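A.B. asks: My structure is below; once you've seen it, I'll send some questions.
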Amino acid sequence: MSDQQKTAPGPAGEAVRSIDPAQVSKHFDAPEAEARWDAEWQASGVYRWDPARAREETYVVDTPPPTASGSLHIGHVFSYTQADVMVRFKRMLGMNIFYPMGWDDNGLPTERRVQNYYHVRCDPNTPYEAGLEVEEATAKVRKKPARLVSRPNFIEICYGLINEDEDHFRALWRRLGLSVDWDQEYQTIDDHCRRTAQLSFLDLWQKGRVYSSEAPTMWDVDFQTAVAQAEAEDRPMPGAYHHIEFAVEGSDDSFVIATTRPELLAACVGVTAHPDDDRYKKFFGSQAITPLFKAPVPIFPSELADPEKGTGVLMVCTFGDATDVQWWREQSLALRQVVGRNGRMLPVEFGTDGFPSHDPAQANGYYAELEGKNVKQAQKRIVELLAEPEGSATGGGPPLRSDPEPIEHPVKFYERGERPLEHLPTRQWFARLMDHKDALLAKGEEVDWYPPFMHARFRDWTENLSLDWCLSRQRYFGVPIPVWYPLDAAGEPDYENPIIAEASALPVDPTVDIPPGHEASGRGEPGGFVGDPDVFDTWFTSSLSPQISSHWGDDPARHAKLFPADVRPQGHDIIRTWAFYTIAKAFLHEDTIPWKNAMISGWILDPDRKKMSKSKGKTMTPLPLLEKYSADAGRYWAASARLGSDTVFDEKVWGIGKRLVTKIFNAGKFVLAQTGETHSISVELDRAFVAKLAELAASSRREFEVYNYAHSLQETETFFWTHFTDTYLELVKARARKHADGATGSDLVESASAVASLRLGLSVLLRLFAPVLPYITEEIWSWSFAEETGHPSIHQAPWPGQADFAAVAPPEDASSFDLAVAAHAAINKAKADAEVSMGREVEKLTLLAGAETLERLGPVLGDVVDAARCLSHTTEVREELEMGVFVIEDAVFAPKPEKKPSGA
RNA sequence: GGGCGUGUAGCUCAGUUGGUUAGAGCAUCUCGUUUACACCGAGAGGGUCCGCGGUUCGAAUCCGUGCACGCCCACCA
């Protein structure tokens, strides 16, 4: 405000002049302005949510909590800006914005970082140690085994490291100008979030929507944890069909199965073929005998067997894949577990109930060759064994009937894993989803998806869902499952009767806290209890982000005001996880949707159109770019991309944004330096300009309403550059200056009209740009409009609309503006053709156009010739020229003015 | 195997309900210093709107079909 200066009031009206251009810096210092405005916005609370205002006036954002231990990535700038642009638009519509920021800090990435940094391992069986201190591990310390710490200690250690990472993110968000309410901050591992997640579990337990079960579950042998369907992905992998001969018990018949997993032969519990397959029909109901292990297994028909695939007959193992699980359940087959949790072959004994064999001695001999090997090693060895004739079940030569036939096939992996998933029977907690697929699909219909085609991703995933949600993870840094199990007299847990924590006690850690009705001394003792050592899937917590913000379960009044939220911004890669689980949770808890709108951002792509890789992303960190081009320029880049479309990274666009910021700065400086008086906007050209401006504001608003901020930006930018600075401003420049030159009478009124419409144009354009360019628009707003309008921040000023334009009488014919633009361009072209500067005076020229064109141009012709510095002009009718077309003839340009001697 | 998206100037992208001669920025070339701005302005060149077929007075746009690229989903024998 220090550079603001007003001239003394004139006689005809209140004087208007906002700045003395000599006192405004020559260039816009973006880094300085960014720091200054960020501090100002925090201090004045422009982005603060007002809990007193009504729900209808409130716009609730379900902000994505970034993974705190992840690195800052240019993609963050992209998607978070797109959300912020929409939020700023809603704020200018007068909405009371609830825009929180969370940090997703529980889960594997943090766990691994902490383990490496401090060289510690979490062990739920280690007692809690108050005041435990750790420091960054030295090379020497790293050579020793990792220090074991209790889970609460581990969580404490994580906090320290996370806070540093979060500081980096927070600094980026502030620099970027995200209009977040920093009073509404949470960490997914904090007490409130752990409590909310555990309350969610309690509620689902009471509703009968969670259960624990010992069942085959997808298991990662490296992380040694269960994995949910959403975290599994198919990867094409090389494999091979192995053709192996089985005998049929009580006959001389045999058949050959094809398998890609011969190492699971010892786990074979059945054989199946399609019921209509004539080759194998005769065997249904008989027993097959496996080679090497001589185990009798049932042969049964199944529609799921494909006669075209392999040999049409296949072995069922516990468990080679999801179909094996299905057959195992449907046919009540035996369980023969040969792969352990660490991915190695377990010790088993043939000749026992679990592992029948017609020749236990031989079977155990073969199996001894496999025991302890990992799956890959075991496969190699068993193929060698199968190539020997001694193992045959039929006595007719080697069971391996031909060389392995290489194929490529999809194999399921944990998304962050390196070895294929195994299906292992383990005890896990699940949420029932399979019973509710139709309801979940219906909820998906209730949400408005932007862009709409993203809804298909949700629908595809939900329709194809094949498993209940596995909630438990055998990890440490997460939210503990708030459950204990009574121990019977033999010290065995009674899983059927778990002890669920009481709501008032949450958050709890059952490995430390004592269940209701027990004493600490009972832990691990017969007749006592044991705590569930597992934690929740991190999505179990993050899928509650709307409820975390609304304080569901703790503050019903706040919950009613903030839930369901209005918008969920997120990336399309996590529709199947975050969006899906959030919808699922809202349904399971309250039979509602979690938010009304989902706005789905695209990705940043490398020049080869692949998702920008981690390694490349690290070299492309946002801060140097923000430093080089400014935050507004980065936001311009992000807001230039349509919502949902993947975009190739193009640094040039940052440069265009920077150029726009500079232009706005200069245009603002010029407009606010004009002196004038408060007369109404009366001149034809000015009224036509305002009419165009009103159209732009209306169109911009329509586009924003459907999340089409990119289109709004483009329209506003084109208008600003083409119509405002390049044309309108040039056309009225001379007239506007007349006031300063001491104009009187109608000259004064016309000059004031120009100044007033320039100011209106600037005010409207600044506001249309404000969601995308918060810094430069706020800067210029502060020079004059802040005080004049009574809105200290442009970000709380109203979106341009009727109130801005009502006082200006619309022209009879707004096309006069376009004609002025065209005539101005025609003279420019004449000057360019003559290779004289645009500022050169024109002694005379003749303007040719159609009669109607000239007639409609009439009221604005004076501004056109003034802007062109035309000393005299004539017009002539040329009927052959189409409407709006101008031709310049007989132009005579004044001689180039003599250069002033330097220093004069 | 099913689905979604994309394909427009050298590059990155707009293009509304079908409507004159298809647009912008960058890049290229020419010209110009004009007290808001050289961090600028004026002008020019540059297109088989992926191919083919259809509807229509008229198609970048609608329909059909094929191709290329990207993504999502799918029971791994």
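Each chain in the structure tokens gets a letter, A, B, ..., in the order shown, and its residues are numbered from 1; ligands are numbered from 1 in order too.
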I need the residues in range 754-854 of chain A that are strand (DSSP E or B) according to DSSP; give them as a PDB file with all heavy atoms, in the first residue's frame.
C.D. replies:
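File part.pdb, as written:
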ATOM      1  N   VAL A 842       0.352   8.909 -38.990  1.00  0.00           N
ATOM      2  CA  VAL A 842      -0.144   8.730 -40.351  1.00  0.00           C
ATOM      3  C   VAL A 842      -0.701  10.074 -40.813  1.00  0.00           C
ATOM      4  O   VAL A 842      -1.627  10.608 -40.192  1.00  0.00           O
ATOM      5  CB  VAL A 842      -1.260   7.669 -40.408  1.00  0.00           C
ATOM      6  CG1 VAL A 842      -1.684   7.419 -41.852  1.00  0.00           C
ATOM      7  CG2 VAL A 842      -0.794   6.381 -39.754  1.00  0.00           C
ATOM      8  N   GLU A 843      -0.129  10.611 -41.876  1.00  0.00           N
ATOM      9  CA  GLU A 843      -0.604  11.922 -42.323  1.00  0.00           C
ATOM     10  C   GLU A 843      -1.999  11.822 -42.911  1.00  0.00           C
ATOM     11  O   GLU A 843      -2.854  12.659 -42.675  1.00  0.00           O
ATOM     12  CB  GLU A 843       0.393  12.513 -43.316  1.00  0.00           C
ATOM     13  CG  GLU A 843       1.682  12.879 -42.581  1.00  0.00           C
ATOM     14  CD  GLU A 843       2.688  13.590 -43.460  1.00  0.00           C
ATOM     15  OE1 GLU A 843       2.511  13.591 -44.687  1.00  0.00           O
ATOM     16  OE2 GLU A 843       3.661  14.120 -42.889  1.00  0.00           O
ATOM     17  N   LYS A 844      -2.230  10.753 -43.698  1.00  0.00           N
ATOM     18  CA  LYS A 844      -3.587  10.513 -44.179  1.00  0.00           C
ATOM     19  C   LYS A 844      -3.710   9.076 -44.644  1.00  0.00           C
ATOM     20  O   LYS A 844      -2.709   8.412 -44.936  1.00  0.00           O
ATOM     21  CB  LYS A 844      -3.923  11.472 -45.321  1.00  0.00           C
ATOM     22  CG  LYS A 844      -3.045  11.283 -46.542  1.00  0.00           C
ATOM     23  CD  LYS A 844      -3.617  12.009 -47.740  1.00  0.00           C
ATOM     24  CE  LYS A 844      -2.878  11.593 -49.008  1.00  0.00           C
ATOM     25  NZ  LYS A 844      -3.537  12.021 -50.228  1.00  0.00           N
ATOM     26  N   LEU A 845      -4.942   8.600 -44.663  1.00  0.00           N
ATOM     27  CA  LEU A 845      -5.199   7.275 -45.248  1.00  0.00           C
ATOM     28  C   LEU A 845      -6.662   7.201 -45.651  1.00  0.00           C
ATOM     29  O   LEU A 845      -7.489   8.000 -45.208  1.00  0.00           O
ATOM     30  CB  LEU A 845      -4.831   6.148 -44.283  1.00  0.00           C
ATOM     31  CG  LEU A 845      -5.528   6.011 -42.944  1.00  0.00           C
ATOM     32  CD1 LEU A 845      -6.946   5.530 -43.077  1.00  0.00           C
ATOM     33  CD2 LEU A 845      -4.760   5.031 -42.072  1.00  0.00           C
ATOM     34  N   THR A 846      -6.961   6.208 -46.499  1.00  0.00           N
ATOM     35  CA  THR A 846      -8.343   5.955 -46.902  1.00  0.00           C
ATOM     36  C   THR A 846      -8.729   4.562 -46.448  1.00  0.00           C
ATOM     37  O   THR A 846      -7.995   3.593 -46.684  1.00  0.00           O
ATOM     38  CB  THR A 846      -8.479   6.061 -48.425  1.00  0.00           C
ATOM     39  OG1 THR A 846      -7.954   7.332 -48.833  1.00  0.00           O
ATOM     40  CG2 THR A 846      -9.937   5.946 -48.853  1.00  0.00           C
ATOM     41  N   LEU A 847      -9.861   4.504 -45.763  1.00  0.00           N
ATOM     42  CA  LEU A 847     -10.360   3.239 -45.224  1.00  0.00           C
ATOM     43  C   LEU A 847     -11.507   2.754 -46.105  1.00  0.00           C
ATOM     44  O   LEU A 847     -12.535   3.430 -46.229  1.00  0.00           O
ATOM     45  CB  LEU A 847     -10.844   3.474 -43.788  1.00  0.00           C
ATOM     46  CG  LEU A 847     -11.268   2.287 -42.957  1.00  0.00           C
ATOM     47  CD1 LEU A 847     -10.110   1.329 -42.728  1.00  0.00           C
ATOM     48  CD2 LEU A 847     -11.836   2.756 -41.630  1.00  0.00           C
ATOM     49  N   LEU A 848     -11.317   1.582 -46.744  1.00  0.00           N
ATOM     50  CA  LEU A 848     -12.339   1.041 -47.640  1.00  0.00           C
ATOM     51  C   LEU A 848     -13.073  -0.090 -46.937  1.00  0.00           C
ATOM     52  O   LEU A 848     -12.445  -0.945 -46.309  1.00  0.00           O
ATOM     53  CB  LEU A 848     -11.697   0.481 -48.907  1.00  0.00           C
ATOM     54  CG  LEU A 848     -10.674   1.351 -49.632  1.00  0.00           C
ATOM     55  CD1 LEU A 848     -10.141   0.615 -50.858  1.00  0.00           C
ATOM     56  CD2 LEU A 848     -11.322   2.672 -50.049  1.00  0.00           C
ATOM     57  N   ALA A 849     -14.424  -0.110 -47.054  1.00  0.00           N
ATOM     58  CA  ALA A 849     -15.214  -1.204 -46.489  1.00  0.00           C
ATOM     59  C   ALA A 849     -16.606  -1.126 -47.065  1.00  0.00           C
ATOM     60  O   ALA A 849     -16.977  -0.128 -47.714  1.00  0.00           O
ATOM     61  CB  ALA A 849     -15.261  -1.117 -44.963  1.00  0.00           C
TER      62      ALA A 849
END
A.B. asks: Residues of chain A were defined as contacting chain B if any atom lay at most 6 Å from it, counting only C-alpha atoms (C1' of nucleotides); please report them as an MDAnalysis selection string.
C.D. replies: chainID A and resid 259 314 323 410:411 666:667 669:670 832 835 837 839
A.B. asks: Do you know which residues are at most 12 Å from Ile681 in chain A counting only C-alpha atoms (C1' of nucleotides), after dropping those on the same chain fewer than 6 positions away, and could you put them as a list in words?
C.D. replies: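 Contacts, in chain order: Arg687, Ala688, Phe689, Val690, Ala691, Val749, Glu750, Ser751, Ala752, Ser753, Ala754, Val755, Ala756, Ser757, Leu758, Arg759, Leu760, Gly761, Phe805, Ala806, Ala807, Val808, Ala809, Pro810 and Pro811 of chain A.
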A.B. asks: Using only N, CA, C and O atoms, please write the residues we just selected to a file, as a tab-separated table (two decimals), in the first residue's frame.
C.D. replies:
chain	number	residue	atom	x	y	z
A	687	ARG	N	-18.69	0.77	-23.99
A	687	ARG	CA	-19.86	-0.06	-23.66
A	687	ARG	C	-19.79	-1.38	-24.42
A	687	ARG	O	-20.17	-2.44	-23.89
A	688	ALA	N	-19.32	-1.32	-25.65
A	688	ALA	CA	-19.19	-2.57	-26.42
A	688	ALA	C	-18.13	-3.47	-25.79
A	688	ALA	O	-18.29	-4.69	-25.72
A	689	PHE	N	-17.06	-2.86	-25.32
A	689	PHE	CA	-16.02	-3.64	-24.64
A	689	PHE	C	-16.59	-4.31	-23.38
A	689	PHE	O	-16.35	-5.50	-23.13
A	690	VAL	N	-17.34	-3.56	-22.61
A	690	VAL	CA	-17.90	-4.11	-21.38
A	690	VAL	C	-18.87	-5.25	-21.69
A	690	VAL	O	-18.92	-6.26	-20.98
A	691	ALA	N	-19.61	-5.10	-22.78
A	691	ALA	CA	-20.53	-6.16	-23.17
A	691	ALA	C	-19.75	-7.45	-23.46
A	691	ALA	O	-20.15	-8.55	-23.07
A	749	VAL	N	-15.55	13.86	-20.09
A	749	VAL	CA	-16.49	12.76	-19.86
A	749	VAL	C	-16.03	11.51	-20.61
A	749	VAL	O	-16.04	10.39	-20.10
A	750	GLU	N	-15.59	11.73	-21.86
A	750	GLU	CA	-15.15	10.57	-22.66
A	750	GLU	C	-13.86	9.99	-22.11
A	750	GLU	O	-13.66	8.77	-22.13
A	751	SER	N	-12.98	10.82	-21.63
A	751	SER	CA	-11.75	10.33	-21.03
A	751	SER	C	-12.06	9.52	-19.78
A	751	SER	O	-11.52	8.43	-19.56
A	752	ALA	N	-12.96	10.04	-18.97
A	752	ALA	CA	-13.33	9.33	-17.75
A	752	ALA	C	-13.98	8.00	-18.07
A	752	ALA	O	-13.77	7.00	-17.36
A	753	SER	N	-14.76	7.95	-19.14
A	753	SER	CA	-15.38	6.69	-19.55
A	753	SER	C	-14.31	5.65	-19.88
A	753	SER	O	-14.42	4.47	-19.52
A	754	ALA	N	-13.28	6.09	-20.56
A	754	ALA	CA	-12.19	5.17	-20.91
A	754	ALA	C	-11.50	4.65	-19.66
A	754	ALA	O	-11.27	3.44	-19.52
A	755	VAL	N	-11.19	5.57	-18.75
A	755	VAL	CA	-10.49	5.15	-17.53
A	755	VAL	C	-11.35	4.18	-16.73
A	755	VAL	O	-10.89	3.14	-16.25
A	756	ALA	N	-12.65	4.50	-16.64
A	756	ALA	CA	-13.55	3.64	-15.87
A	756	ALA	C	-13.64	2.25	-16.49
A	756	ALA	O	-13.64	1.23	-15.79
A	757	SER	N	-13.72	2.17	-17.81
A	757	SER	CA	-13.87	0.83	-18.39
A	757	SER	C	-12.54	0.08	-18.39
A	757	SER	O	-12.52	-1.15	-18.28
A	758	LEU	N	-11.43	0.79	-18.48
A	758	LEU	CA	-10.13	0.12	-18.30
A	758	LEU	C	-10.05	-0.50	-16.91
A	758	LEU	O	-9.61	-1.63	-16.73
A	759	ARG	N	-10.49	0.27	-15.94
A	759	ARG	CA	-10.44	-0.23	-14.56
A	759	ARG	C	-11.39	-1.41	-14.36
A	759	ARG	O	-11.04	-2.40	-13.71
A	760	LEU	N	-12.58	-1.30	-14.94
A	760	LEU	CA	-13.52	-2.41	-14.83
A	760	LEU	C	-12.94	-3.65	-15.52
A	760	LEU	O	-13.01	-4.77	-15.00
A	761	GLY	N	-12.36	-3.43	-16.71
A	761	GLY	CA	-11.75	-4.55	-17.43
A	761	GLY	C	-10.67	-5.21	-16.60
A	761	GLY	O	-10.62	-6.45	-16.48
A	805	PHE	N	-21.60	-5.35	-14.08
A	805	PHE	CA	-21.94	-4.83	-15.40
A	805	PHE	C	-23.27	-4.09	-15.45
A	805	PHE	O	-23.59	-3.44	-16.44
A	806	ALA	N	-24.03	-4.20	-14.39
A	806	ALA	CA	-25.40	-3.68	-14.42
A	806	ALA	C	-25.44	-2.18	-14.70
A	806	ALA	O	-26.36	-1.68	-15.35
A	807	ALA	N	-24.43	-1.45	-14.22
A	807	ALA	CA	-24.47	0.01	-14.33
A	807	ALA	C	-24.11	0.50	-15.73
A	807	ALA	O	-24.26	1.68	-16.03
A	808	VAL	N	-23.64	-0.40	-16.57
A	808	VAL	CA	-23.22	0.02	-17.91
A	808	VAL	C	-24.31	-0.34	-18.91
A	808	VAL	O	-24.65	-1.52	-19.07
A	809	ALA	N	-24.86	0.67	-19.59
A	809	ALA	CA	-25.91	0.41	-20.57
A	809	ALA	C	-25.31	-0.34	-21.75
A	809	ALA	O	-24.31	0.10	-22.32
A	810	PRO	N	-25.90	-1.47	-22.10
A	810	PRO	CA	-25.35	-2.23	-23.23
A	810	PRO	C	-25.49	-1.41	-24.51
A	810	PRO	O	-26.45	-0.68	-24.67
A	811	PRO	N	-24.53	-1.51	-25.41
A	811	PRO	CA	-24.60	-0.78	-26.67
A	811	PRO	C	-25.68	-1.39	-27.55
A	811	PRO	O	-26.06	-2.54	-27.36
A.B. asks: With only C-alpha atoms (C1' of nucleotides) as the counted atoms, please give the residues lying no more than 10 Å from G7 in chain B, apart from itself and same-chain residues fewer than 5 positions off, as an MDAnalysis selection string.
C.D. replies: chainID B and resid 49:50 68:69
A.B. asks: Just the residues within 8 Å of Met218 in chain A, please, counting only C-alpha atoms (C1' of nucleotides), with nothing from its chain fewer than 3 positions along; format it as a compact mmCIF listing (two decimals) with all heavy atoms, in the first residue's frame.
C.D. replies:
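Result went into part_7.txt, see below:
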# COMPACT_ATOMS: atom_id res chain seq x y z
N ALA A 226 -0.09 -60.37 4.13
CA ALA A 226 -1.23 -60.56 3.24
C ALA A 226 -1.41 -59.30 2.41
O ALA A 226 -0.97 -58.21 2.78
CB ALA A 226 -2.49 -60.83 4.06
N VAL A 227 -2.05 -59.45 1.27
CA VAL A 227 -2.21 -58.36 0.33
C VAL A 227 -3.65 -58.43 -0.20
O VAL A 227 -4.18 -59.52 -0.39
CB VAL A 227 -1.18 -58.53 -0.82
CG1 VAL A 227 -1.55 -57.71 -2.02
CG2 VAL A 227 0.22 -58.18 -0.35
N ALA A 228 -4.25 -57.27 -0.41
CA ALA A 228 -5.62 -57.25 -0.92
C ALA A 228 -5.63 -57.25 -2.44
O ALA A 228 -4.63 -56.94 -3.08
CB ALA A 228 -6.37 -56.01 -0.40
N GLN A 229 -6.80 -57.57 -2.97
CA GLN A 229 -6.95 -57.62 -4.43
C GLN A 229 -6.51 -56.30 -5.07
O GLN A 229 -5.88 -56.29 -6.13
CB GLN A 229 -8.41 -57.92 -4.78
CG GLN A 229 -8.63 -58.18 -6.26
CD GLN A 229 -10.10 -58.42 -6.59
OE1 GLN A 229 -10.95 -58.47 -5.71
NE2 GLN A 229 -10.38 -58.58 -7.88
N LEU A 421 3.03 -63.43 -6.09
CA LEU A 421 2.25 -63.71 -4.88
C LEU A 421 1.96 -65.20 -4.79
O LEU A 421 1.79 -65.87 -5.79
CB LEU A 421 0.92 -62.95 -4.95
CG LEU A 421 1.03 -61.43 -4.76
CD1 LEU A 421 -0.31 -60.78 -5.11
CD2 LEU A 421 1.43 -61.09 -3.34
N GLU A 422 1.91 -65.70 -3.58
CA GLU A 422 1.44 -67.05 -3.33
C GLU A 422 0.09 -66.98 -2.64
O GLU A 422 -0.23 -65.96 -2.01
CB GLU A 422 2.43 -67.81 -2.42
CG GLU A 422 3.81 -68.00 -3.01
CD GLU A 422 3.83 -68.94 -4.22
OE1 GLU A 422 2.86 -69.71 -4.39
OE2 GLU A 422 4.81 -68.89 -4.99
N HIS A 423 -0.69 -68.04 -2.77
CA HIS A 423 -1.94 -68.10 -2.01
C HIS A 423 -1.68 -68.99 -0.80
O HIS A 423 -1.52 -70.21 -0.95
CB HIS A 423 -3.07 -68.68 -2.87
CG HIS A 423 -3.52 -67.72 -3.93
ND1 HIS A 423 -2.83 -67.52 -5.09
CD2 HIS A 423 -4.60 -66.90 -3.98
CE1 HIS A 423 -3.47 -66.62 -5.83
NE2 HIS A 423 -4.54 -66.22 -5.17
N LEU A 424 -1.63 -68.37 0.37
CA LEU A 424 -1.34 -69.14 1.58
C LEU A 424 -2.50 -69.03 2.54
O LEU A 424 -3.08 -67.96 2.71
CB LEU A 424 -0.10 -68.58 2.29
CG LEU A 424 1.23 -68.64 1.55
CD1 LEU A 424 2.35 -68.21 2.48
CD2 LEU A 424 1.49 -70.04 1.04
A.B. asks: Suppose you want the space between CA of Phe293 in chain A and CA of Asp359 in chain A; what is it in Å?
C.D. replies: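 Taking CA of Phe293 in chain A as the start and CA of Asp359 in chain A as the end point, the length is 7.1 Å.
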A.B. asks: Give me the residues within 10 Å of G10 in chain B as a list in words, counting only C-alpha atoms (C1' of nucleotides) and dropping any in the same chain fewer than 4 places off.
C.D. replies: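 Non-adjacent residues within range: A27, U28 and G46 of chain B.
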A.B. asks: Could you turn the residues from that selection into a file that holds N, CA and C atoms (P, O5', C5', C4', C3', O3' and C1' of nucleotides), as a CSV table (one decimal), in the first residue's frame?
C.D. replies:
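Output file out.csv is given in full below:
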chain,number,residue,atom,x,y,z
B,27,A,P,9.8,-18.9,-29.1
B,27,A,O5',10.1,-19.9,-30.2
B,27,A,C5',11.0,-21.0,-30.0
B,27,A,C4',11.1,-21.9,-31.2
B,27,A,C3',11.5,-21.2,-32.5
B,27,A,O3',12.9,-21.0,-32.6
B,27,A,C1',9.6,-22.6,-32.9
B,28,U,P,13.4,-19.6,-33.3
B,28,U,O5',13.0,-19.8,-34.8
B,28,U,C5',13.5,-20.9,-35.6
B,28,U,C4',13.0,-20.8,-37.0
B,28,U,C3',13.1,-19.4,-37.6
B,28,U,O3',14.4,-19.2,-38.2
B,28,U,C1',10.9,-20.3,-38.0
B,46,G,P,2.0,-21.3,-46.8
B,46,G,O5',2.3,-22.4,-45.6
B,46,G,C5',3.4,-23.2,-45.8
B,46,G,C4',3.7,-23.9,-44.5
B,46,G,C3',2.5,-24.8,-43.9
B,46,G,O3',2.5,-26.1,-44.5
B,46,G,C1',3.4,-23.4,-42.2
A.B. asks: At a cut-off of 12 Å, using only C-alpha atoms (C1' of nucleotides), what residues contact range 59-61 of chain B? Leave out same-chain residues fewer than 6 positions from it and give the result as a list in words.
C.D. replies: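 Returned residues: G7, U8, G15, U16, U17, G18, G19, A22, G23, G47, C49 and C50 of chain B.
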A.B. asks: Quick one, how far is CA of Ala361 in chain A from CA of Glu384 in chain A?
C.D. replies: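 A separation of 19.1 Å between them.
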A.B. asks: Go ahead and compute the interatomic distance for CA of Trp173 in chain A and CA of Ala633 in chain A, in Å to one decimal.
C.D. replies: 14.6 Å
A.B. asks: Could you go through range 628-756 of chain A and tell me which residues DSSP, when run on the backbone, assigns to helix (DSSP H, G or I), listing them as a ChimeraX atom specification?
C.D. replies: /A:628-629,631-639,651-673,684-705,709-737,745-756
A.B. asks: Take the residues that were just selected and, keeping C-alpha atoms, output them as a short mmCIF file (atom, residue, chain, number, x, y, z; two decimals), in the first residue's frame.
C.D. replies:
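That gives us selection.cif:
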data_model
loop_
_atom_site.label_atom_id
_atom_site.label_comp_id
_atom_site.auth_asym_id
_atom_site.auth_seq_id
_atom_site.Cartn_x
_atom_site.Cartn_y
_atom_site.Cartn_z
CA LYS A 628 12.86 -20.03 -12.21
CA TYR A 629 9.36 -19.31 -13.47
CA ALA A 631 4.52 -20.17 -8.59
CA ASP A 632 1.90 -18.51 -10.77
CA ALA A 633 3.69 -19.80 -13.87
CA GLY A 634 3.71 -23.35 -12.49
CA ARG A 635 0.04 -23.05 -11.69
CA TYR A 636 -0.59 -21.75 -15.19
CA TRP A 637 1.09 -24.88 -16.54
CA ALA A 638 -1.04 -27.16 -14.35
CA ALA A 639 -4.27 -25.32 -15.10
CA GLU A 651 8.70 -26.67 -19.72
CA LYS A 652 7.81 -24.14 -22.43
CA VAL A 653 4.36 -23.79 -20.95
CA TRP A 654 5.93 -22.52 -17.71
CA GLY A 655 7.62 -19.85 -19.79
CA ILE A 656 4.30 -18.82 -21.31
CA GLY A 657 2.84 -18.56 -17.84
CA LYS A 658 5.67 -16.37 -16.71
CA ARG A 659 5.17 -14.12 -19.71
CA LEU A 660 1.46 -13.82 -18.89
CA VAL A 661 2.29 -12.82 -15.32
CA THR A 662 4.61 -10.11 -16.60
CA LYS A 663 1.99 -8.83 -18.99
CA ILE A 664 -0.64 -8.67 -16.26
CA PHE A 665 1.79 -6.77 -14.08
CA ASN A 666 2.48 -4.20 -16.79
CA ALA A 667 -1.14 -3.84 -17.85
CA GLY A 668 -2.16 -3.40 -14.23
CA LYS A 669 0.49 -0.79 -13.74
CA PHE A 670 -0.72 1.15 -16.77
CA VAL A 671 -4.44 0.99 -16.02
CA LEU A 672 -4.10 1.97 -12.38
CA ALA A 673 -1.80 4.84 -13.25
CA GLU A 684 -19.92 3.43 -27.53
CA LEU A 685 -16.62 1.55 -27.75
CA ASP A 686 -16.34 1.28 -23.98
CA ARG A 687 -19.86 -0.06 -23.66
CA ALA A 688 -19.19 -2.57 -26.42
CA PHE A 689 -16.02 -3.64 -24.64
CA VAL A 690 -17.90 -4.11 -21.38
CA ALA A 691 -20.53 -6.16 -23.17
CA LYS A 692 -17.77 -8.49 -24.42
CA LEU A 693 -16.33 -8.63 -20.93
CA ALA A 694 -19.70 -9.64 -19.50
CA GLU A 695 -19.94 -12.46 -22.04
CA LEU A 696 -16.49 -13.67 -21.03
CA ALA A 697 -17.34 -13.66 -17.33
CA ALA A 698 -20.52 -15.64 -17.93
CA SER A 699 -18.79 -18.17 -20.15
CA SER A 700 -15.91 -18.53 -17.73
CA ARG A 701 -18.27 -19.28 -14.92
CA ARG A 702 -20.14 -21.89 -16.97
CA GLU A 703 -16.87 -23.67 -17.75
CA PHE A 704 -15.71 -23.62 -14.15
CA GLU A 705 -19.01 -25.10 -12.99
CA TYR A 709 -10.98 -24.56 -15.61
CA ALA A 710 -8.56 -25.08 -18.49
CA HIS A 711 -11.07 -23.77 -20.99
CA SER A 712 -11.88 -20.79 -18.81
CA LEU A 713 -8.22 -19.97 -18.50
CA GLN A 714 -7.73 -20.17 -22.23
CA GLU A 715 -10.70 -17.91 -22.95
CA THR A 716 -9.62 -15.40 -20.33
CA GLU A 717 -6.04 -15.43 -21.55
CA THR A 718 -7.09 -14.90 -25.18
CA PHE A 719 -9.42 -12.10 -24.20
CA PHE A 720 -6.84 -10.47 -21.98
CA TRP A 721 -4.07 -10.58 -24.55
CA THR A 722 -5.94 -10.09 -27.82
CA HIS A 723 -8.86 -7.92 -26.84
CA PHE A 724 -7.65 -6.12 -23.76
CA THR A 725 -3.95 -5.36 -24.00
CA ASP A 726 -3.32 -5.58 -27.73
CA THR A 727 -6.48 -3.84 -28.82
CA TYR A 728 -8.82 -2.15 -26.39
CA LEU A 729 -6.05 -0.66 -24.33
CA GLU A 730 -4.38 0.68 -27.46
CA LEU A 731 -7.65 2.03 -28.82
CA VAL A 732 -8.50 4.09 -25.74
CA LYS A 733 -5.02 4.98 -24.59
CA ALA A 734 -5.11 8.39 -26.23
CA ARG A 735 -8.61 9.16 -24.99
CA ALA A 736 -7.78 8.03 -21.47
CA ARG A 737 -4.82 10.34 -21.31
CA GLY A 745 -16.46 19.16 -21.18
CA SER A 746 -17.29 16.16 -23.34
CA ASP A 747 -13.60 15.33 -23.73
CA LEU A 748 -13.39 14.97 -19.98
CA VAL A 749 -16.49 12.76 -19.86
CA GLU A 750 -15.15 10.57 -22.66
CA SER A 751 -11.75 10.33 -21.03
CA ALA A 752 -13.33 9.33 -17.75
CA SER A 753 -15.38 6.69 -19.55
CA ALA A 754 -12.19 5.17 -20.91
CA VAL A 755 -10.49 5.15 -17.53
CA ALA A 756 -13.55 3.64 -15.87
#
